[in-house]
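Trainee: Here you go, one structure.
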Amino acid sequence: MAIPFQTILHADWSRDARKRWIAAAVRTGPGWQVEAPCTIGDSADFVAALFSMPGPVLAGFDFPIGLPASYGQLTGFAGFTEALKMFGTADWAKFFQVADSETQVSLRQPFYPRLSSAEAKQRHLLEGLGMSSINELRRICEHATAKRRAACPLFWTLGGNQVGKAAIDGWQSVLQPAIRDGARLWPFDGSLASLARAGVPVIAETYPAEAYGHVGIGFKPRMSKQRQDDRRAAAAGLPAWAALHRIRFSDELSAQITEGFGLSKAGEDPFDALAGVLGMIEILDGRRPEAPTLHQLARQWEGWILGQRG
């Protein structure tokens with residue numbers, strides 16, 4: 001069954017504002033009109049715009065939205081949304097300040113390390129946060145499965161696959177102001193169907209690579225989304241997929257797909273913005289579930305990646 005959101009957006013997020021791209025789609029009767037990705041610009045203006053778009057509005061972001069339950073339960077808050085409102089204030093003023101040394105790592109300053117260093121070890125996180133295994137600092141949706149590797153733990157901020165610094169930026173510049181203005185967070189505040197009736201924007205966590213296989217984007221071994229020719233080849237099936245599901249691409253978007261999103265390696269950013277919004281259409285049109293049956297800890301603390309199976 002279709003879920004009645006009218007406008008959907010997907011942001012490929014970065015701490016660098018120049019690398020923030022968004023793709024948007026608007027429902028048109030039984031189908032969708034999808035526009036070419038564009039840069040986001042000022043995050044405050046973007047958050048404000050969510051409240052003026054034709055609703056209901058669903059916005060997806062590719063940074064973590066949630067906390068590992070083993071950590072969250074130590075904070076004393078009832079759940080992630082309550083904790084999020086307090087992070088960066090009062091006793092939690094240092095929450096978003098990445099620790100310089102292992103001696104600073106603590107419940108109220110959990111991100112580490114601020115600078116790249118061969119001496120920084122993940123065991124410093126475990127010791128500072130009182131954990132015995134690095135998996136305790138991963139959410140269930142981040143654990144390894146037969147089809148995917150384990151994700152980098154939220155609080156570890158070193159390496160090419162770290163997500164902690166993007167989460168810090170996204171939570172401060174998007175989530176906190178959005179929920180202050182009344183936005184809701186999926187799945188913490190309910191299912192997509194229930195949230196579509198809330199009358200305010202809804203924000204969800206996404207993962208573009210999860211959406212590739214849902215919409216016919218195919219990267220073969222040794223292909224890279226940083227190469228124009230590989231992006232062009234991987235997206236070759238998108239026009240047929242779109243026609244099958246009554247989805248229209250703008251002329252500009254069709255041209256970008258044909259051209260592989262340009263010569264630059266940075267073409268991967270608008271490419272992922274598009275992949276994310278198309279994956280969201282699959283869910284809202286009822287062709288893919290939003291999530292498996294979620295444990296209470298996922299609804300309370302950890303959240304989930306939209307469209308990811310267990």
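How things are named: the first chain in the structure tokens is A, the next is B, and so on; residues count from 1 in each chain; ligands count from 1 in the order shown.
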As a list in words, please: the residues near Ala275 of chain A (cut-off 6 Å, only C-alpha atoms, same-chain neighbours under 3 positions excluded).

Mentor: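 The residues satisfying every condition are Pro208, Asp272 and Leu278 of chain A.
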
Trainee: Taking N, CA and C atoms for each residue, export the selection above as an mmCIF file, in the first residue's frame.

Mentor:
data_model
loop_
_atom_site.group_PDB
_atom_site.id
_atom_site.type_symbol
_atom_site.label_atom_id
_atom_site.label_comp_id
_atom_site.auth_asym_id
_atom_site.auth_seq_id
_atom_site.Cartn_x
_atom_site.Cartn_y
_atom_site.Cartn_z
ATOM 1 N N PRO A 208 22.489 5.428 0.610
ATOM 2 C CA PRO A 208 22.321 5.307 -0.836
ATOM 3 C C PRO A 208 22.724 3.956 -1.408
ATOM 4 N N ASP A 272 24.583 9.791 -5.662
ATOM 5 C CA ASP A 272 24.021 9.178 -4.457
ATOM 6 C C ASP A 272 22.766 9.896 -3.981
ATOM 7 N N LEU A 278 15.290 7.779 -5.144
ATOM 8 C CA LEU A 278 14.607 6.711 -5.871
ATOM 9 C C LEU A 278 14.320 5.523 -4.955
#

Trainee: If DSSP is run on the backbone, what residues of segment 183-235 of chain A are strand (DSSP E or B)? A reply as a list of chain:residue names would be ideal.

Mentor: A:Arg184, A:Leu185, A:Val202, A:Ile203, A:Ala204, A:Glu205

Trainee: Just write the chosen residues, N, CA and C atoms, as a tab-separated table (two decimals), in the first residue's frame.

Mentor:
chain	number	residue	atom	x	y	z
A	184	ARG	N	9.33	15.45	12.90
A	184	ARG	CA	9.33	14.13	13.54
A	184	ARG	C	10.45	13.28	12.97
A	185	LEU	N	10.91	12.32	13.77
A	185	LEU	CA	11.97	11.42	13.36
A	185	LEU	C	11.44	10.00	13.23
A	202	VAL	N	8.95	14.93	8.11
A	202	VAL	CA	9.45	13.71	8.73
A	202	VAL	C	10.86	13.46	8.21
A	203	ILE	N	11.76	13.12	9.11
A	203	ILE	CA	13.16	12.90	8.76
A	203	ILE	C	13.53	11.45	9.03
A	204	ALA	N	14.26	10.83	8.09
A	204	ALA	CA	14.66	9.44	8.23
A	204	ALA	C	16.12	9.28	7.82
A	205	GLU	N	16.75	8.24	8.34
A	205	GLU	CA	18.12	7.90	7.95
A	205	GLU	C	18.10	7.02	6.71

Trainee: With distances taken over only C-alpha atoms, which residue among A:Gly237, A:Pro153, A:Gly190, A:Gly130 lies nearest Gln300 of chain A?

Mentor: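 Checking each candidate against Gln300 of chain A, we get A:Gly190 as the closest.
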
Trainee: Write out as number ranges by chain all residues of segment 56-223 of chain A that DSSP puts in helix (DSSP H, G or I) for this structure's backbone.

Mentor: A: 69-72, 80-86, 90-92, 102-104, 122-129, 134-137, 140-142, 164-180, 192-195, 208-215

Trainee: Save the residues we just selected, C-alpha atoms, as a PDB file, in the first residue's frame?

Mentor:
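Contents of out.pdb, freshly written:
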ATOM      1  CA  ALA A  69      21.520   1.262  22.794  1.00  0.00           C
ATOM      2  CA  SER A  70      24.370   0.163  25.057  1.00  0.00           C
ATOM      3  CA  TYR A  71      25.495   3.788  25.200  1.00  0.00           C
ATOM      4  CA  GLY A  72      22.072   5.429  25.154  1.00  0.00           C
ATOM      5  CA  PHE A  80      17.251   9.245  21.402  1.00  0.00           C
ATOM      6  CA  THR A  81      14.908  12.147  20.671  1.00  0.00           C
ATOM      7  CA  GLU A  82      15.007  13.319  24.291  1.00  0.00           C
ATOM      8  CA  ALA A  83      18.794  12.977  24.386  1.00  0.00           C
ATOM      9  CA  LEU A  84      19.204  14.814  21.086  1.00  0.00           C
ATOM     10  CA  LYS A  85      17.442  17.869  22.467  1.00  0.00           C
ATOM     11  CA  MET A  86      19.961  18.073  25.320  1.00  0.00           C
ATOM     12  CA  ALA A  90      24.172  22.076  30.171  1.00  0.00           C
ATOM     13  CA  ASP A  91      25.860  18.902  31.471  1.00  0.00           C
ATOM     14  CA  TRP A  92      26.131  17.704  27.870  1.00  0.00           C
ATOM     15  CA  GLU A 102      41.864   9.101  25.282  1.00  0.00           C
ATOM     16  CA  THR A 103      41.749  10.733  28.716  1.00  0.00           C
ATOM     17  CA  GLN A 104      38.923  13.010  27.537  1.00  0.00           C
ATOM     18  CA  GLN A 122      39.433   2.047  19.286  1.00  0.00           C
ATOM     19  CA  ARG A 123      40.187   0.464  22.645  1.00  0.00           C
ATOM     20  CA  HIS A 124      40.418   4.014  24.018  1.00  0.00           C
ATOM     21  CA  LEU A 125      36.720   4.389  23.172  1.00  0.00           C
ATOM     22  CA  LEU A 126      35.891   1.104  24.874  1.00  0.00           C
ATOM     23  CA  GLU A 127      37.797   2.072  28.006  1.00  0.00           C
ATOM     24  CA  GLY A 128      36.411   5.605  28.139  1.00  0.00           C
ATOM     25  CA  LEU A 129      32.819   4.467  27.636  1.00  0.00           C
ATOM     26  CA  ILE A 134      33.431  -2.568  19.679  1.00  0.00           C
ATOM     27  CA  ASN A 135      30.134  -4.105  18.549  1.00  0.00           C
ATOM     28  CA  GLU A 136      28.541  -2.568  21.642  1.00  0.00           C
ATOM     29  CA  LEU A 137      29.189   0.790  19.977  1.00  0.00           C
ATOM     30  CA  ILE A 140      21.956  -3.314  15.250  1.00  0.00           C
ATOM     31  CA  CYS A 141      21.488  -1.938  11.734  1.00  0.00           C
ATOM     32  CA  GLU A 142      25.265  -1.444  11.538  1.00  0.00           C
ATOM     33  CA  GLY A 164      30.941  10.430  13.349  1.00  0.00           C
ATOM     34  CA  LYS A 165      31.876  13.902  12.145  1.00  0.00           C
ATOM     35  CA  ALA A 166      29.073  13.932   9.554  1.00  0.00           C
ATOM     36  CA  ALA A 167      26.674  12.884  12.327  1.00  0.00           C
ATOM     37  CA  ILE A 168      27.876  15.719  14.556  1.00  0.00           C
ATOM     38  CA  ASP A 169      27.287  18.233  11.783  1.00  0.00           C
ATOM     39  CA  GLY A 170      23.962  16.752  10.733  1.00  0.00           C
ATOM     40  CA  TRP A 171      22.587  16.527  14.252  1.00  0.00           C
ATOM     41  CA  GLN A 172      23.516  20.127  15.019  1.00  0.00           C
ATOM     42  CA  SER A 173      22.626  21.775  11.717  1.00  0.00           C
ATOM     43  CA  VAL A 174      19.610  19.677  10.699  1.00  0.00           C
ATOM     44  CA  LEU A 175      18.097  17.454  13.384  1.00  0.00           C
ATOM     45  CA  GLN A 176      18.185  19.757  16.390  1.00  0.00           C
ATOM     46  CA  PRO A 177      16.683  22.815  14.643  1.00  0.00           C
ATOM     47  CA  ALA A 178      14.169  20.651  12.766  1.00  0.00           C
ATOM     48  CA  ILE A 179      12.789  18.949  15.852  1.00  0.00           C
ATOM     49  CA  ARG A 180      12.689  22.268  17.718  1.00  0.00           C
ATOM     50  CA  LEU A 192       5.845   6.247   7.982  1.00  0.00           C
ATOM     51  CA  ALA A 193       2.105   5.793   7.525  1.00  0.00           C
ATOM     52  CA  SER A 194       1.332   7.323  10.914  1.00  0.00           C
ATOM     53  CA  LEU A 195       3.869  10.122  10.507  1.00  0.00           C
ATOM     54  CA  PRO A 208      22.321   5.307  -0.836  1.00  0.00           C
ATOM     55  CA  ALA A 209      24.262   2.093  -1.473  1.00  0.00           C
ATOM     56  CA  GLU A 210      21.352   0.191   0.091  1.00  0.00           C
ATOM     57  CA  ALA A 211      19.091   1.699  -2.566  1.00  0.00           C
ATOM     58  CA  TYR A 212      21.243   0.720  -5.561  1.00  0.00           C
ATOM     59  CA  GLY A 213      19.879  -2.792  -5.869  1.00  0.00           C
ATOM     60  CA  HIS A 214      16.316  -1.672  -5.201  1.00  0.00           C
ATOM     61  CA  VAL A 215      16.168   0.564  -8.282  1.00  0.00           C
TER      62      VAL A 215
END

Trainee: Determine the nearest neighbour of Pro110 of chain A from the options A:Phe46, A:Phe95, A:Trp13, A:Phe61, counting only C-alpha atoms.

Mentor: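 Distance minimum relative to Pro110 of chain A lands on A:Phe95.
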
Trainee: May I ask which of the residues A:Ala298, A:Ala235, A:Ala183, A:Ala59 is the closest one to Leu253 of chain A, counting only C-alpha atoms?

Mentor: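 Looking only at the distances to Leu253 of chain A, the closest residue turns out to be A:Ala235.
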
Trainee: Fewer than 3 positions away in the same chain doesn't count, so skip those; otherwise give me all residues within 9 Å of segment 291-293 of chain A, counting only C-alpha atoms, as a ChimeraX atom specification.

Mentor: /A:288,304-310

Trainee: Please produce a file of the residues just selected, as a PDB file, in the first residue's frame, where the atoms kept are C-alpha atoms.

Mentor:
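What ended up in result_14.pdb:
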ATOM      1  CA  ARG A 288       9.645  -2.503  -0.359  1.00  0.00           C
ATOM      2  CA  TRP A 304      17.060   2.121  11.484  1.00  0.00           C
ATOM      3  CA  ILE A 305      18.196   2.684   7.914  1.00  0.00           C
ATOM      4  CA  LEU A 306      15.116   3.237   5.777  1.00  0.00           C
ATOM      5  CA  GLY A 307      14.454   0.245   3.521  1.00  0.00           C
ATOM      6  CA  GLN A 308      17.195  -1.960   4.977  1.00  0.00           C
ATOM      7  CA  ARG A 309      16.232  -5.533   5.732  1.00  0.00           C
ATOM      8  CA  GLY A 310      17.306  -7.107   8.996  1.00  0.00           C
TER       9      GLY A 310
END

Trainee: Between atom CA of Ile65 of chain A and atom CA of Glu302 of chain A, what distance in Å does the model show, to one decimal?

Mentor: 7.5 Å

Trainee: So which residues touch Asp229 of chain A within 12 Å, counting only C-alpha atoms, skipping near sequence neighbours fewer than 6 positions away, as an MDAnalysis selection string?

Mentor: chainID A and resid 219 223 235:236 257:265 267:268

Trainee: How would the residues just chosen look if you wrote them out with N, CA and C atoms as a tab-separated table (two decimals), in the first residue's frame?

Mentor:
chain	number	residue	atom	x	y	z
A	219	PHE	N	26.64	-1.80	-9.83
A	219	PHE	CA	28.09	-1.65	-9.89
A	219	PHE	C	28.72	-3.05	-9.85
A	223	MET	N	34.28	-1.71	-10.52
A	223	MET	CA	33.68	-0.44	-10.92
A	223	MET	C	33.69	0.51	-9.72
A	235	ALA	N	24.02	3.20	-14.01
A	235	ALA	CA	22.68	3.81	-14.02
A	235	ALA	C	21.94	3.60	-15.33
A	236	ALA	N	22.49	2.77	-16.22
A	236	ALA	CA	21.89	2.62	-17.56
A	236	ALA	C	20.46	2.09	-17.51
A	257	ILE	N	22.06	11.70	-16.04
A	257	ILE	CA	22.18	10.24	-16.02
A	257	ILE	C	22.94	9.75	-17.25
A	258	THR	N	22.57	10.28	-18.41
A	258	THR	CA	23.23	9.89	-19.66
A	258	THR	C	24.71	10.25	-19.64
A	259	GLU	N	25.03	11.37	-19.01
A	259	GLU	CA	26.42	11.84	-18.98
A	259	GLU	C	27.21	11.29	-17.79
A	260	GLY	N	26.59	10.46	-16.97
A	260	GLY	CA	27.30	9.89	-15.83
A	260	GLY	C	27.66	10.90	-14.77
A	261	PHE	N	26.89	11.99	-14.68
A	261	PHE	CA	27.06	13.02	-13.66
A	261	PHE	C	28.43	13.71	-13.72
A	262	GLY	N	28.94	13.84	-14.94
A	262	GLY	CA	30.12	14.66	-15.14
A	262	GLY	C	31.44	13.94	-14.96
A	263	LEU	N	32.52	14.64	-15.33
A	263	LEU	CA	33.86	14.07	-15.30
A	263	LEU	C	34.43	13.92	-13.90
A	264	SER	N	34.07	14.81	-13.01
A	264	SER	CA	34.71	14.88	-11.69
A	264	SER	C	34.37	13.68	-10.82
A	265	LYS	N	35.33	13.31	-9.95
A	265	LYS	CA	35.04	12.30	-8.94
A	265	LYS	C	33.86	12.72	-8.07
A	267	GLY	N	31.18	13.76	-8.86
A	267	GLY	CA	29.89	13.37	-9.41
A	267	GLY	C	29.22	12.28	-8.61
A	268	GLU	N	29.99	11.60	-7.74
A	268	GLU	CA	29.38	10.58	-6.89
A	268	GLU	C	28.36	11.18	-5.92

Trainee: Have a look at atom CA of Ser254 of chain A and atom CA of Glu282 of chain A and let me know their distance in Å, one decimal.

Mentor: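 Here the two named atoms are 19.0 Å from each other.
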